[in-house]
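With compact mmCIF, C-alpha atoms inside, this is start_13.txt:
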# COMPACT_ATOMS: atom_id res chain seq x y z
CA MET V 1 -127.40 3.63 -124.48
CA THR V 2 -125.00 2.37 -121.82
CA GLY V 3 -124.64 -1.24 -123.02
CA GLY V 4 -120.86 -1.22 -122.65
CA ARG V 5 -121.15 -0.13 -119.02
CA TRP V 6 -123.63 -2.91 -118.24
CA VAL V 7 -121.44 -5.56 -119.89
CA GLY V 8 -118.44 -4.39 -117.89
CA VAL V 9 -120.12 -4.62 -114.55
CA ALA V 10 -121.62 -7.98 -115.50
CA LEU V 11 -118.18 -9.46 -116.03
CA ALA V 12 -117.10 -7.98 -112.72
CA GLY V 13 -119.76 -9.37 -110.45
CA ALA V 14 -122.90 -11.04 -111.88
CA LEU V 15 -124.37 -14.26 -110.52
CA LEU V 16 -126.68 -16.83 -112.05
CA ALA V 17 -130.42 -16.31 -111.53
CA PRO V 18 -132.14 -19.71 -111.27
CA ALA V 19 -135.74 -20.35 -112.26
CA VAL V 20 -138.45 -18.58 -110.28
CA PRO V 21 -141.25 -20.75 -108.87
CA ALA V 22 -144.83 -20.17 -109.98
CA ALA V 23 -147.44 -18.38 -107.89
CA VAL V 24 -150.15 -20.07 -105.86
CA ALA V 25 -153.73 -19.02 -105.35
CA ALA V 26 -154.37 -16.91 -102.28
CA PRO V 27 -157.18 -17.97 -99.98
CA VAL V 28 -158.71 -14.49 -100.29
CA ALA V 29 -158.17 -13.57 -103.95
CA PRO V 30 -156.35 -14.57 -107.14
CA ALA V 31 -152.61 -14.63 -106.74
CA VAL V 32 -150.20 -12.32 -108.49
CA PRO V 33 -149.49 -13.84 -111.95
CA ALA V 34 -146.97 -16.67 -111.93
CA ALA V 35 -143.35 -15.89 -112.68
CA PRO V 36 -141.60 -18.02 -115.33
CA ALA V 37 -137.96 -18.95 -115.30
CA ALA V 38 -135.69 -15.92 -115.08
CA ALA V 39 -133.00 -15.30 -117.64
CA ALA V 40 -129.52 -16.44 -116.79
CA VAL V 41 -127.01 -13.75 -115.94
CA PRO V 42 -123.26 -14.28 -116.50
CA SER V 43 -121.59 -15.52 -113.36
CA ALA V 44 -118.43 -14.31 -111.69
CA PRO V 45 -116.27 -16.57 -109.55
CA ALA V 46 -117.64 -17.01 -106.02
CA SER V 47 -115.63 -16.41 -102.90
CA SER V 48 -114.43 -20.00 -103.05
CA ALA V 49 -114.10 -22.48 -105.89
CA THR V 50 -116.60 -24.90 -104.35
CA ALA V 51 -119.25 -22.35 -103.28
CA GLU V 52 -122.77 -23.17 -104.40
CA PRO V 53 -124.86 -20.51 -106.18
CA PRO V 54 -127.16 -18.69 -103.79
CA PRO V 55 -130.76 -19.93 -103.72
CA SER V 56 -133.37 -17.92 -105.58
CA LEU V 57 -136.59 -16.43 -104.29
CA ALA V 58 -139.60 -14.77 -105.89
CA GLN V 59 -142.66 -12.68 -105.13
CA THR V 60 -144.78 -15.80 -104.72
CA ARG V 61 -144.15 -19.46 -103.80
CA GLN V 62 -145.88 -22.51 -105.24
CA ASP V 63 -144.62 -25.04 -102.72
CA VAL V 64 -145.36 -23.27 -99.45
CA GLN V 65 -148.08 -25.74 -98.43
CA GLN V 66 -145.82 -28.73 -99.12
CA ASN V 67 -142.47 -27.42 -97.93
CA GLY V 68 -143.31 -24.62 -95.53
CA CYS V 69 -141.68 -21.21 -95.34
CA LEU V 70 -138.44 -20.35 -97.11
CA LYS V 71 -135.37 -21.84 -95.46
CA PRO V 72 -132.34 -19.67 -94.66
CA SER V 73 -129.54 -19.70 -97.20
CA GLU V 74 -126.38 -21.60 -96.29
CA ARG V 75 -124.40 -19.26 -98.51
CA PRO V 76 -122.94 -16.35 -96.49
CA ALA V 77 -123.67 -12.86 -97.74
CA ASP V 78 -120.15 -12.27 -99.01
CA THR V 79 -120.77 -11.24 -102.64
CA ALA V 80 -122.02 -7.81 -103.65
CA GLY V 81 -123.06 -8.66 -107.23
CA TRP V 82 -123.22 -6.73 -110.47
CA ALA V 83 -126.05 -4.37 -109.50
CA GLN V 84 -124.07 -2.74 -106.73
CA ALA V 85 -121.07 -2.35 -109.02
CA ALA V 86 -123.33 -0.54 -111.48
CA LEU V 87 -125.10 1.67 -108.95
CA ARG V 88 -121.95 2.63 -106.94
CA PRO V 89 -123.85 3.68 -103.78
CA GLU V 90 -120.63 4.22 -101.85
CA ASP V 91 -119.95 7.23 -104.09
CA ALA V 92 -123.14 8.87 -102.81
CA TRP V 93 -122.65 8.03 -99.13
CA PRO V 94 -120.29 10.94 -98.32
CA LEU V 95 -123.31 13.22 -98.92
CA SER V 96 -126.22 11.02 -97.89
CA ARG V 97 -126.88 7.57 -96.41
CA GLY V 98 -130.61 8.03 -96.02
CA ALA V 99 -130.55 8.94 -92.32
CA GLY V 100 -133.86 10.19 -90.96
CA VAL V 101 -135.97 8.82 -93.82
CA SER V 102 -138.56 6.08 -93.26
CA VAL V 103 -139.06 3.71 -96.20
CA ALA V 104 -142.04 1.35 -96.07
CA VAL V 105 -141.66 -2.02 -97.78
CA VAL V 106 -145.18 -3.21 -98.55
CA GLY V 107 -144.99 -6.90 -99.32
CA SER V 108 -144.67 -10.25 -97.58
CA GLY V 109 -143.15 -8.88 -94.37
CA VAL V 110 -139.54 -8.50 -93.21
CA ASP V 111 -137.61 -10.94 -91.03
CA ALA V 112 -137.43 -9.22 -87.64
CA ALA V 113 -134.03 -10.78 -86.97
CA LEU V 114 -132.31 -9.67 -90.18
CA PRO V 115 -128.81 -8.50 -89.10
CA ALA V 116 -128.49 -6.01 -91.96
CA LEU V 117 -131.44 -3.98 -90.58
CA ALA V 118 -130.66 -4.29 -86.89
CA GLY V 119 -131.81 -1.21 -84.99
CA ARG V 120 -133.54 0.35 -88.01
CA LEU V 121 -136.49 -1.97 -88.62
CA GLN V 122 -139.97 -0.95 -87.50
CA LEU V 123 -142.61 -3.67 -87.62
CA GLY V 124 -145.88 -2.43 -89.00
CA PRO V 125 -149.15 -4.33 -89.28
CA ARG V 126 -149.98 -7.58 -91.05
CA VAL V 127 -153.18 -6.63 -92.84
CA TYR V 128 -154.03 -10.23 -93.75
CA GLY V 129 -153.75 -12.79 -90.99
CA THR V 130 -152.53 -12.31 -87.43
CA GLY V 131 -149.42 -10.87 -85.85
CA ASP V 132 -147.11 -8.16 -87.09
CA ALA V 133 -144.96 -7.86 -90.20
CA GLY V 134 -141.85 -9.41 -88.61
CA ARG V 135 -142.44 -12.83 -90.18
CA ASP V 136 -141.69 -13.42 -93.87
CA CYS V 137 -142.62 -16.87 -95.16
CA VAL V 138 -141.88 -16.01 -98.79
CA GLY V 139 -138.63 -14.14 -98.09
CA TYR V 140 -139.23 -11.55 -100.79
CA GLY V 141 -140.08 -8.67 -98.47
CA THR V 142 -136.91 -9.29 -96.48
CA PHE V 143 -134.79 -9.44 -99.63
CA THR V 144 -136.15 -6.18 -101.06
CA ALA V 145 -135.89 -4.41 -97.70
CA ALA V 146 -132.19 -5.30 -97.65
CA LEU V 147 -131.80 -3.85 -101.15
CA VAL V 148 -133.31 -0.61 -99.88
CA ALA V 149 -131.37 -0.15 -96.65
CA GLY V 150 -129.31 -3.18 -95.62
CA ARG V 151 -125.92 -2.52 -94.05
CA ARG V 152 -122.90 -4.14 -95.65
CA THR V 153 -121.54 -7.12 -93.77
CA GLY V 154 -117.93 -7.31 -92.65
CA ASP V 155 -117.10 -9.90 -95.30
CA GLY V 156 -117.83 -7.68 -98.28
CA GLY V 157 -121.44 -8.69 -98.85
CA PRO V 158 -124.17 -6.59 -100.45
CA ALA V 159 -125.43 -3.34 -98.98
CA GLY V 160 -128.62 -1.46 -99.63
CA LEU V 161 -128.56 1.94 -101.26
CA ALA V 162 -129.55 3.84 -98.10
CA PRO V 163 -127.85 2.01 -95.19
CA GLU V 164 -128.95 4.51 -92.55
CA ALA V 165 -132.60 4.79 -93.58
CA ARG V 166 -135.29 3.24 -91.41
CA VAL V 167 -137.41 0.42 -92.84
CA LEU V 168 -141.09 0.06 -91.99
CA ALA V 169 -142.31 -3.46 -92.73
CA VAL V 170 -145.95 -3.79 -93.81
CA ALA V 171 -147.23 -7.29 -94.64
CA VAL V 172 -150.08 -7.49 -97.18
CA THR V 173 -149.79 -11.06 -98.52
CA ASP V 174 -150.64 -14.56 -97.39
CA ASP V 175 -147.85 -17.08 -96.71
CA ALA V 176 -147.59 -17.83 -100.43
CA GLY V 177 -147.06 -14.17 -101.34
CA ALA V 178 -150.48 -13.55 -102.94
CA THR V 179 -152.48 -10.42 -102.26
CA THR V 180 -155.40 -8.30 -103.49
CA PRO V 181 -155.88 -4.65 -104.46
CA ASP V 182 -157.81 -3.92 -101.27
CA LEU V 183 -155.09 -5.44 -99.09
CA LEU V 184 -152.49 -3.33 -100.89
CA GLY V 185 -154.62 -0.27 -100.27
CA SER V 186 -154.77 -1.06 -96.55
CA GLY V 187 -151.02 -1.54 -96.47
CA ILE V 188 -150.32 1.78 -98.18
CA ARG V 189 -152.58 3.63 -95.75
CA ALA V 190 -150.86 1.95 -92.81
CA ALA V 191 -147.46 2.99 -94.17
CA VAL V 192 -148.57 6.61 -94.50
CA ASP V 193 -150.04 6.65 -91.00
CA LYS V 194 -146.75 5.30 -89.62
CA GLY V 195 -144.84 8.22 -91.15
CA ALA V 196 -143.22 6.67 -94.24
CA ARG V 197 -142.07 9.25 -96.82
CA VAL V 198 -141.15 6.58 -99.36
CA ILE V 199 -143.39 3.56 -99.97
CA ALA V 200 -142.03 0.64 -101.98
CA VAL V 201 -144.88 -1.64 -103.04
CA VAL V 202 -142.92 -4.70 -104.15
CA VAL V 203 -145.87 -6.97 -105.05
CA PRO V 204 -148.14 -5.73 -107.87
CA VAL V 205 -151.70 -6.86 -108.56
CA PRO V 206 -153.34 -7.32 -111.97
CA GLY V 207 -156.39 -5.16 -111.33
CA PRO V 208 -157.46 -1.91 -109.66
CA SER V 209 -159.90 -1.21 -106.85
CA ASP V 210 -161.46 1.85 -105.28
CA ALA V 211 -159.68 1.11 -102.01
CA LEU V 212 -156.28 0.99 -103.72
CA SER V 213 -156.94 4.13 -105.76
CA ASP V 214 -158.03 6.01 -102.65
CA ALA V 215 -154.92 4.84 -100.78
CA VAL V 216 -152.67 6.16 -103.56
CA LYS V 217 -154.37 9.56 -103.33
CA TYR V 218 -154.10 9.43 -99.53
CA ALA V 219 -150.34 8.93 -99.77
CA ALA V 220 -149.91 11.81 -102.20
CA ALA V 221 -151.95 14.10 -99.97
CA HIS V 222 -149.62 13.29 -97.05
CA GLY V 223 -146.38 13.85 -99.00
CA ALA V 224 -145.38 10.19 -99.49
CA LEU V 225 -143.97 8.89 -102.77
CA ILE V 226 -145.16 5.44 -103.88
CA LEU V 227 -142.89 3.34 -106.10
CA ALA V 228 -144.17 0.10 -107.63
CA PRO V 229 -143.16 -2.54 -110.21
CA ALA V 230 -144.22 -1.82 -113.78
CA ALA V 231 -144.82 -5.57 -114.23
CA PRO V 232 -144.82 -8.74 -112.14
CA ASP V 233 -141.42 -10.31 -111.58
CA GLY V 234 -140.46 -12.69 -114.36
CA ARG V 235 -142.64 -10.93 -116.94
CA SER V 236 -140.95 -8.66 -119.47
CA SER V 237 -144.35 -7.87 -121.00
CA SER V 238 -147.75 -7.88 -119.34
CA ALA V 239 -151.01 -6.06 -119.09
CA PRO V 240 -150.91 -2.96 -116.89
CA VAL V 241 -150.53 -3.71 -113.20
CA PHE V 242 -151.41 -1.77 -110.08
CA PRO V 243 -150.63 0.46 -108.27
CA ALA V 244 -148.03 1.38 -110.92
CA SER V 245 -150.73 2.33 -113.44
CA TYR V 246 -152.18 5.03 -111.19
CA PRO V 247 -151.12 8.66 -111.72
CA GLY V 248 -148.53 9.81 -109.22
CA VAL V 249 -147.01 6.35 -108.66
CA LEU V 250 -143.43 5.92 -109.90
CA ALA V 251 -143.57 2.82 -112.14
CA VAL V 252 -140.21 1.00 -112.18
CA ALA V 253 -139.01 -1.50 -114.79
CA SER V 254 -136.08 -3.90 -114.54
CA THR V 255 -132.71 -3.98 -116.29
CA GLY V 256 -130.02 -6.63 -116.43
CA PRO V 257 -126.24 -6.35 -116.80
CA ASN V 258 -126.64 -6.12 -120.58
CA GLY V 259 -129.48 -3.61 -120.64
CA PRO V 260 -133.28 -3.61 -120.39
CA ALA V 261 -134.99 -6.90 -119.60
CA GLY V 262 -137.22 -7.82 -122.53
CA ALA V 263 -139.45 -5.61 -124.63
CA GLY V 264 -140.95 -3.74 -121.71
CA PRO V 265 -144.36 -3.98 -120.10
CA GLU V 266 -147.51 -2.76 -121.80
CA GLY V 267 -148.20 -0.43 -118.88
CA ARG V 268 -146.47 2.85 -118.09
CA VAL V 269 -142.74 2.91 -117.29
CA ASP V 270 -141.27 5.97 -115.56
CA LEU V 271 -137.84 4.69 -114.54
CA ALA V 272 -135.69 1.55 -114.74
CA ALA V 273 -133.19 0.11 -112.29
CA PRO V 274 -131.08 -3.04 -111.92
CA GLY V 275 -133.33 -5.97 -111.13
CA GLU V 276 -132.20 -9.07 -113.02
CA GLY V 277 -129.98 -11.55 -111.18
CA VAL V 278 -129.39 -9.26 -108.21
CA THR V 279 -128.05 -10.61 -104.92
CA GLY V 280 -128.96 -9.64 -101.39
CA ALA V 281 -129.66 -10.84 -97.88
CA GLY V 282 -132.79 -12.84 -97.16
CA PRO V 283 -134.40 -14.45 -94.10
CA GLY V 284 -131.68 -15.62 -91.75
CA GLY V 285 -129.14 -13.23 -93.25
CA GLY V 286 -127.74 -15.56 -95.92
CA LEU V 287 -127.24 -14.69 -99.59
CA PHE V 288 -130.12 -15.05 -102.06
CA THR V 289 -130.75 -14.00 -105.65
CA ALA V 290 -133.89 -12.70 -107.34
CA SER V 291 -134.97 -11.06 -110.58
CA GLY V 292 -137.63 -8.62 -111.67
CA PRO V 293 -139.16 -5.15 -111.37
CA GLY V 294 -139.84 -5.69 -107.66
CA CYS V 295 -136.09 -5.69 -107.02
CA ALA V 296 -135.68 -2.64 -109.27
CA THR V 297 -138.39 -0.89 -107.25
CA ALA V 298 -136.44 -1.53 -104.04
CA TYR V 299 -133.30 0.05 -105.48
CA ALA V 300 -135.25 3.08 -106.70
CA ALA V 301 -136.79 3.46 -103.23
CA GLY V 302 -133.32 3.41 -101.70
CA ALA V 303 -132.21 6.18 -104.07
CA ALA V 304 -135.31 8.19 -103.14
CA ALA V 305 -134.31 7.88 -99.47
CA LEU V 306 -130.81 9.20 -100.27
CA VAL V 307 -132.29 12.28 -101.95
CA LEU V 308 -134.88 12.93 -99.23
CA ALA V 309 -132.28 12.73 -96.48
CA LEU V 310 -130.43 15.51 -98.28
CA ARG V 311 -133.53 17.50 -99.27
CA PRO V 312 -136.37 16.59 -96.89
CA GLU V 313 -138.59 19.42 -98.12
CA LEU V 314 -139.13 17.87 -101.56
CA THR V 315 -142.65 16.93 -102.60
CA PRO V 316 -143.36 13.52 -104.20
CA GLU V 317 -143.53 15.22 -107.61
CA GLN V 318 -140.16 16.95 -107.11
CA LEU V 319 -138.58 13.74 -105.85
CA THR V 320 -139.87 11.84 -108.88
CA ARG V 321 -138.55 14.52 -111.19
CA ARG V 322 -135.14 14.39 -109.53
CA LEU V 323 -134.82 10.64 -110.01
CA GLU V 324 -135.94 10.90 -113.64
CA THR V 325 -133.78 13.85 -114.69
CA THR V 326 -130.59 12.41 -113.17
CA ALA V 327 -131.06 8.93 -114.69
CA TYR V 328 -128.96 7.53 -117.55
CA HIS V 329 -131.05 8.65 -120.52
CA PRO V 330 -131.37 6.40 -123.55
CA GLY V 331 -130.80 7.82 -127.01
CA THR V 332 -134.51 7.60 -127.78
CA ARG V 333 -137.59 9.73 -127.39
CA LEU V 334 -138.60 9.99 -123.72
CA PRO V 335 -140.28 8.30 -122.03
CA ASP V 336 -138.81 5.15 -123.55
CA ALA V 337 -141.04 2.05 -123.63
CA THR V 338 -138.52 -0.09 -121.73
CA VAL V 339 -136.75 2.30 -119.35
CA GLY V 340 -139.04 5.32 -119.10
CA PHE V 341 -136.95 8.43 -118.49
CA GLY V 342 -133.79 6.39 -118.00
CA VAL V 343 -131.88 3.97 -115.77
CA LEU V 344 -131.49 4.92 -112.12
CA ASP V 345 -128.27 6.74 -111.15
CA PRO V 346 -128.30 7.26 -107.37
CA VAL V 347 -124.95 9.04 -107.37
CA ALA V 348 -126.15 11.68 -109.82
CA ALA V 349 -129.45 11.97 -107.93
CA VAL V 350 -127.48 13.07 -104.86
CA THR V 351 -124.55 14.95 -106.39
CA ALA V 352 -125.89 16.66 -109.53
CA SER V 353 -126.47 20.41 -109.31
CA TRP V 354 -130.01 21.51 -108.61
CA PRO V 355 -131.86 23.52 -111.26
CA ALA V 356 -132.91 27.09 -110.57
CA ALA V 357 -136.49 25.91 -110.03
CA ALA V 358 -135.38 23.86 -107.01
CA PRO V 359 -132.47 25.67 -105.32
CA ALA V 360 -130.62 24.06 -102.46
CA ALA V 361 -132.18 24.92 -99.11
CA ALA V 362 -131.51 24.23 -95.47
CA PRO V 363 -133.38 21.22 -94.03
CA GLY V 364 -136.95 22.11 -93.25
CA ALA V 365 -136.95 25.27 -95.37
CA PRO V 366 -139.81 25.62 -97.85
CA VAL V 367 -139.11 24.97 -101.50
CA ARG V 368 -138.97 28.21 -103.46
CA VAL V 369 -139.81 28.19 -107.13
CA ASP V 370 -137.86 30.54 -109.38
CA PRO V 371 -140.31 33.28 -110.49
CA GLY V 372 -138.36 33.66 -113.74
CA PRO V 373 -136.45 36.68 -115.09
CA ASP V 374 -137.45 40.17 -113.94
CA ARG V 375 -139.20 41.68 -116.93
CA SER V 376 -140.29 44.95 -115.19
CA LYS V 377 -137.40 46.96 -116.68
CA ALA V 378 -138.17 45.67 -120.14
CA TRP V 379 -141.80 46.60 -119.75
CA ARG V 380 -140.83 50.12 -118.53
CA ALA V 381 -138.48 50.58 -121.47
CA LEU V 382 -141.17 49.43 -123.84
CA ALA V 383 -143.63 51.89 -122.28
CA VAL V 384 -141.17 54.80 -122.66
CA ALA V 385 -140.43 53.82 -126.23
CA GLY V 386 -144.13 53.54 -126.95
CA GLY V 387 -144.80 56.96 -125.38
CA SER V 388 -141.99 58.57 -127.39
CA ALA V 389 -143.31 57.04 -130.59
CA GLY V 390 -146.74 58.39 -129.75
CA VAL V 391 -145.42 61.93 -129.28
CA ILE V 392 -143.55 61.76 -132.57
CA LEU V 393 -146.66 60.55 -134.35
CA LEU V 394 -148.75 63.34 -132.81
CA VAL V 395 -146.24 66.02 -133.80
CA GLY V 396 -146.02 64.68 -137.30
CA PHE V 397 -149.76 64.44 -137.57
CA GLY V 398 -150.09 68.04 -136.33
CA GLY V 399 -147.62 69.31 -138.93
CA LEU V 400 -149.38 67.45 -141.70
CA THR V 401 -152.73 68.91 -140.62
CA ALA V 402 -151.29 72.46 -140.68
CA ARG V 403 -149.88 72.04 -144.21
CA LEU V 404 -153.18 70.70 -145.52
CA GLY V 405 -154.97 73.66 -143.91
CA ARG V 406 -152.66 76.19 -145.65
CA ARG V 407 -153.20 74.53 -149.02
CA ARG V 408 -156.98 74.69 -148.64
CA ALA V 409 -156.72 78.38 -147.64
CA GLY V 410 -154.62 79.15 -150.75
CA ARG V 411 -157.10 77.47 -153.08
CA ALA V 412 -159.97 79.45 -151.51
CA ALA V 413 -158.12 82.76 -152.10
CA ASP V 414 -157.64 81.89 -155.79
Take the structure in the file and write it out as structure tokens.
Amino acid sequence: MTGGRWVGVALAGALLAPAVPAAVAAPVAPAVPAAPAAAAVPSAPASSATAEPPPSLAQTRQDVQQNGCLKPSERPADTAGWAQAALRPEDAWPLSRGAGVSVAVVGSGVDAALPALAGRLQLGPRVYGTGDAGRDCVGYGTFTAALVAGRRTGDGGPAGLAPEARVLAVAVTDDAGATTPDLLGSGIRAAVDKGARVIAVVVPVPGPSDALSDAVKYAAAHGALILAPAAPDGRSSSAPVFPASYPGVLAVASTGPNGPAGAGPEGRVDLAAPGEGVTGAGPGGGLFTASGPGCATAYAAGAAALVLALRPELTPEQLTRRLETTAYHPGTRLPDATVGFGVLDPVAAVTASWPAAAPAAAPGAPVRVDPGPDRSKAWRALAVAGGSAGVILLVGFGGLTARLGRRRAGRAAD
């Protein structure tokens, strides 16, 4: 597929992804499955010869009761990493930066003081526990929110794909990062009610529920696209997870600098995006690293915001189709088991020409579907031709009848 491209960007900017801690049991339900050690990604030189690798974080934390919430990173956010080199968001920014689009990050919360989201962070509810979503003990919600819409720091650090989009933080986990299907359903509904057009659910659950299924339908009915990991972080293969397994949810898998991560999940995959060994800002604004489909989901949500800012009239189905048709397509039958319809290309999603079925329109104008070629002239021509043929047949039939009549008359005379 595009292995050479991934290797090139890996040598340019990849960092090492340390082991991911295991999950803990939530006080209200089983935790999201534990994440094993992430694969190492080739490392590029840091900004200084003595700089330590950035600390890692994950969807869940095993040591939260012993060590408390995640500590800020002492490593400044001064390295963009391989994923940004591959995605090239700056090439899309002349046309769209995501302005005017609200992206909900449904997860562990988002640090209210994160500099990269200053002035664009809206704190939604915390559906489990007390307070709002401005506290993030795990750090994962903050990290993925920065991948969606973080602004680049002055020292060349990472930026999100849509640096002018608004982020709505919705907290649905306990302090260890564990959640339940019903809590996810409540979070999705809250995101819709707060006006989010794009909803990134960055923590999957292993089973369904009526509340979660109803919330997915509620979002679709209100014109909001849900994106979710096709598997838990750290798992290249797993049983189907939710909400990604529901119809209408864009299920996102993870790729590394050398291509897809593992054999692919057993559940549905619609799209893939960089997610292995990616770097970004976490609580406190320092540099962190993480791996998995949750990170890939954040990047896909950022690309969706870029497209919606340019074409706000698109429905969730049209937005999904745009992301899929402009992706890097593998040389296999689609959808592919590991990357779905391809690997995310946010630049093409913004810049590629629009098909006749979805012509460019002014903001707020209704989407017009091409009715297809005008076949009325062809039908009229066919009718004329048919009428002419009928006349010819009638004339011929009349002549034949007259000849037969004359022959019978002659025989009678004889």
- [ ] Please provide the set of residues having any atom within 9 Å of range 136-143 of chain V, restricted to only C-alpha atoms, with same-chain residues fewer than 4 positions apart removed, written as a ChimeraX atom specification.
- [x] /V:57-61,64,68-71,105-112,114,147-148,169-171,174-177,202-203,279-283,288-290,295
Task: Distance query 8 Å from (-138.6, 9.2, -109.0) using all atoms listed in the file, result as a ChimeraX atom specification - done: /V:227,250,270-271,300,304,317,319-324
Open item on the list: Give me, as an MDAnalysis selection string, all polymer residues having an atom no more than 7 Å from range 346-348 of chain V, counting only C-alpha atoms and skipping those fewer than 2 positions away in the same chain.
Closed with: chainID V and resid 87 89 91:92 303 326 344 350:352
Test item: axis-aligned box, all listed atoms of range 199-215 of chain V, 5 Å on each side, centre and edges in Å rounded to one decimal, as JSON:
{"center_x": -151.7, "center_y": -0.7, "center_z": -106.0, "size_x": 29.4, "size_y": 23.3, "size_z": 22.0}
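Straight-line separation from CA of Phe341 in chain V to CA of Leu184 in chain V: 26.3 Å.
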- [ ] Take CA of Gly134 in chain V and CA of Gly248 in chain V and report the distance between them in Å, one decimal.
- [x]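 That distance, rounded to one decimal, is 29.0 Å.
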Task: Interatomic distance, CA of Ala211 in chain V to CA of Phe242 in chain V (Å, one decimal) - done: 11.9 Å
Task: Nearest residue to Pro260 in chain V from the set V:Gly342, V:Ala327, V:Ile188, V:Val172 (distances using all atoms listed in the file) - done: V:Gly342
Open item on the list: Between V:Leu117, V:Ala356, V:Leu95, V:Ala273, which residue has the minimum interatomic distance to Ala253 in chain V, considering only C-alpha atoms?
Closed with: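 Ranking V:Leu117, V:Ala356, V:Leu95, V:Ala273 by distance to Ala253 in chain V, first place goes to V:Ala273.
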TODO: Can you work out which one of V:Ile199, V:Val216, V:Ala145, V:Ala178 has the shortest atom-to-atom distance to Leu161 in chain V, counting only C-alpha atoms?
DONE: V:Ala145
Task: Which residue of V:Pro257, V:Gly285, V:Gly302, V:Gly129 approaches Asp345 in chain V most closely, using only C-alpha atoms - done: V:Gly302
Task: Long-range neighbours of Val339 in chain V as a ChimeraX atom specification, 10 Å cut-off, only C-alpha atoms, 4 positions minimum in chain - done: /V:251-255,259-261,263-265,268-273,327-330,334-335,343-344
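Shell of Ala116 in chain V at 8 Å, with all atoms listed in the file counted and residues fewer than 5 places along the chain excluded, is Ala146, Gly150, Arg151, Arg152, Thr153, Ala281 and Gly285 of chain V.
Minimum atom-to-atom distances from V:Ala149, V:Leu121, V:Val278, V:Ala298 to Ala86 in chain V were compared using all atoms listed in the file, and the lowest value belongs to V:Val278.
Distances from V:Ala305, V:Thr173, V:Asp336, V:Val198 to Thr130 in chain V were compared using only C-alpha atoms, and the smallest one belongs to V:Thr173.
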